[in-house]
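Written out below as structure tokens is the structure these notes cover.
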Amino acid sequence: MNRIVIVGASVAGVHAAEALRDQGFDGDVTLVSAEDTLPYDRPPLSKEALAGKVGEQDLLLRPSGWYAEQGIELMLGQPARQVDVRGGSVLLAGGASLGYDGLVLATGSAARRLDSISGDTARIHLMRTARDCVRLRERLIPGSRLLVIGAGFIGLEVAATARELGVEVTIVEIGPAPLAAVLGTQVGNWFQRLHEQRGVSIRCGQSVRAIETVGDGSRVHLAGGDVIDADAIVAGVGAAPATRWLQGSGIEMSDGGVACDERLHASAPGVVAAGDIACWYNPLFDEHIRVEHWTNAVEQGRFAALSLLGVSDASYVGPPYFWTDQFTAGTRTVGRISGADRVCVRHADDNSLVALYGRGNVLRAAVCVNSPRALIACRRAIMQRAPWQDALAAV
């Protein structure tokens, strides 16, 4: 293997490139980025960066000179348009064709858009790129009014950051509680109380029907007939794997992502995937899963690179891990909540929470807020596939 192309300068892509050099691979490495800026970290965009606590240079995954020092060719502003797995080449939007004998797919996700809303939807901010963050931050003036569409992780993080900046915040959520679709209603109610105690207004069971321009602001019409005036609107309604460019390539897809085996190999020879777009077989849960979280992207990026080189024939089995910080609540989630058939809240007060999720009498996942010891115990129990009752007794 002499030439490896990594499509996607995401956290997974950058760590894949780094792992190749750390392993001693001395062939050509090309890192292709759709964005025209140096690769940067995304989690701070809805928190520290939005609050103005860190600048653009602080977000960089690696210093500007690192890529040249490592002998990594960085191609910025060059979205991939097509891959020819038979010929071993990637076609870029600018017309360039990159030959490869090893390919890492790490294009991440793109923010979902709200196509069902009528009116001036151009005023809706997304929160996916550094430019999105800068544009929204300019609107978050103390005393201004922010409407957040969607009470998922991104929506809640933006709401918390804006509230701490002195902005009046209203959240509109179609579900019965924040994060209900991910964590369940009981745990979602805890997060609703967390925000409401700090002055955030949350309207559940509601959706946005139309947006009307009123001066420099917007008048938002809800499906139930209510009207909310806002100076800024942000949508946090999830993300979708950035895989459209792979259509027609012959690479097998699953759950919107790239179907992979337990070693992150795709269906085409010499191709691996990592991060948000990888849907891989995880022996720990005995199912194919896809995870859109930072830690998974870091670990998979490195694992996929080594798997491509044939350094190890091990399986990627780590349980998914995710964190979110909202106000004083440091939330850590470990395991696979999807597919759980039971949930037990072991502890809950105004500052902390421990919730366990199980299926088939086995602990499957846990949500721990400001509870580091419980998190350690739960991760160990998940890795050991501990029986449900034993897991309850351990927390």
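Residues in the structure tokens are numbered from 1 in each chain, the chains being A, B, ... in the order shown, and ligands are numbered from 1 in the order shown.
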A:Ala34 environment, 12 Å, only C-alpha atoms, sequence neighbours closer than 3 positions dropped, as JSON, numbers by chain: {"A": [6, 7, 8, 9, 10, 31, 37, 38, 39, 74, 75, 76, 77, 78, 79, 80, 81, 92, 93, 94, 106, 107, 108, 109, 110, 129, 242, 245]}
DSSP-assigned strand (DSSP E) among stretch 169-381 of chain A, expressed as number ranges by chain: A: 169-173, 201-204, 208-214, 217-222, 227-230, 232-235, 239-241, 253-254, 257-260, 271-273, 278-282, 287-290, 321-326, 329-335, 342-348, 353-359, 362-369
Go ahead and write the residues just picked, C-alpha atoms, as a short mmCIF file (atom, residue, chain, number, x, y, z; two decimals), in the first residue's frame.
```cif
data_model
loop_
_atom_site.label_atom_id
_atom_site.label_comp_id
_atom_site.auth_asym_id
_atom_site.auth_seq_id
_atom_site.Cartn_x
_atom_site.Cartn_y
_atom_site.Cartn_z
CA VAL A 169 -34.61 31.66 25.29
CA THR A 170 -37.65 29.69 24.15
CA ILE A 171 -37.39 26.08 22.97
CA VAL A 172 -40.03 24.46 20.76
CA GLU A 173 -39.93 20.66 20.80
CA SER A 201 -39.10 28.48 28.37
CA ILE A 202 -39.77 25.05 26.86
CA ARG A 203 -42.87 24.23 24.83
CA CYS A 204 -43.18 20.50 24.21
CA VAL A 208 -43.16 25.47 13.90
CA ARG A 209 -45.54 26.05 10.98
CA ALA A 210 -44.28 29.31 9.45
CA ILE A 211 -41.80 32.15 9.93
CA GLU A 212 -42.69 35.73 9.13
CA THR A 213 -40.17 38.58 8.85
CA VAL A 214 -40.89 41.50 11.16
CA GLY A 217 -36.54 39.91 13.68
CA SER A 218 -39.00 37.12 13.07
CA ARG A 219 -42.54 36.18 14.06
CA VAL A 220 -42.81 32.42 14.46
CA HIS A 221 -46.18 30.74 14.02
CA LEU A 222 -46.62 27.40 15.79
CA VAL A 227 -47.05 33.12 17.96
CA ILE A 228 -43.53 33.81 19.26
CA ASP A 229 -41.40 36.84 18.39
CA ALA A 230 -37.68 36.22 18.11
CA ALA A 232 -32.78 34.93 16.20
CA ILE A 233 -33.80 31.36 15.40
CA VAL A 234 -31.63 28.26 15.52
CA ALA A 235 -32.61 24.73 14.49
CA ALA A 239 -27.87 15.41 11.58
CA ALA A 240 -27.65 13.03 8.64
CA PRO A 241 -24.58 11.08 7.46
CA MET A 253 -24.93 1.25 2.83
CA SER A 254 -26.78 0.66 6.11
CA GLY A 257 -24.10 5.16 6.61
CA VAL A 258 -21.42 2.88 5.21
CA ALA A 259 -21.95 -0.78 6.09
CA CYS A 260 -18.81 -2.12 7.78
CA VAL A 271 -11.92 0.84 1.87
CA VAL A 272 -12.63 1.55 5.54
CA ALA A 273 -14.99 4.01 7.25
CA ALA A 278 -19.61 4.13 9.79
CA CYS A 279 -22.33 1.56 10.53
CA TRP A 280 -20.30 -1.33 11.89
CA TYR A 281 -20.95 -4.67 13.51
CA ASN A 282 -20.28 -4.35 17.24
CA GLU A 287 -25.72 -5.69 16.13
CA HIS A 288 -24.75 -3.11 13.53
CA ILE A 289 -24.66 0.36 15.04
CA ARG A 290 -23.84 3.90 13.91
CA TYR A 321 -19.51 7.26 24.91
CA PHE A 322 -20.96 10.75 24.74
CA TRP A 323 -20.94 13.90 26.85
CA THR A 324 -22.92 17.11 26.94
CA ASP A 325 -22.46 20.09 29.27
CA GLN A 326 -25.47 22.30 30.00
CA ALA A 329 -24.81 19.62 34.51
CA GLY A 330 -21.97 17.52 33.14
CA THR A 331 -23.75 14.63 31.45
CA ARG A 332 -21.88 11.47 30.44
CA THR A 333 -23.60 8.67 28.53
CA VAL A 334 -22.07 5.24 27.97
CA GLY A 335 -23.43 2.27 26.06
CA ARG A 342 -36.36 -0.88 30.46
CA VAL A 343 -35.05 2.17 32.25
CA CYS A 344 -34.46 2.72 35.95
CA VAL A 345 -33.58 6.11 37.45
CA ARG A 346 -31.39 5.14 40.40
CA HIS A 347 -30.77 8.65 41.60
CA ALA A 348 -32.07 12.11 40.77
CA LEU A 353 -28.86 11.94 37.90
CA VAL A 354 -28.09 8.26 37.28
CA ALA A 355 -30.30 6.31 34.88
CA LEU A 356 -29.73 2.73 33.71
CA TYR A 357 -31.02 1.17 30.49
CA GLY A 358 -31.33 -2.55 29.89
CA ARG A 359 -32.51 -5.16 27.43
CA VAL A 362 -28.55 -7.17 30.66
CA LEU A 363 -27.33 -3.63 31.33
CA ARG A 364 -27.04 -1.84 28.01
CA ALA A 365 -26.39 1.84 28.76
CA ALA A 366 -26.29 4.49 31.46
CA VAL A 367 -26.74 8.25 31.71
CA CYS A 368 -24.77 9.85 34.53
CA VAL A 369 -25.05 13.56 35.37
#
```
Atomic separation - atom CA of A:Val158 relative to atom CA of A:Ser46, Å: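 Value for the atom CA of A:Ser46-atom CA of A:Val158 distance: 5.2 Å.
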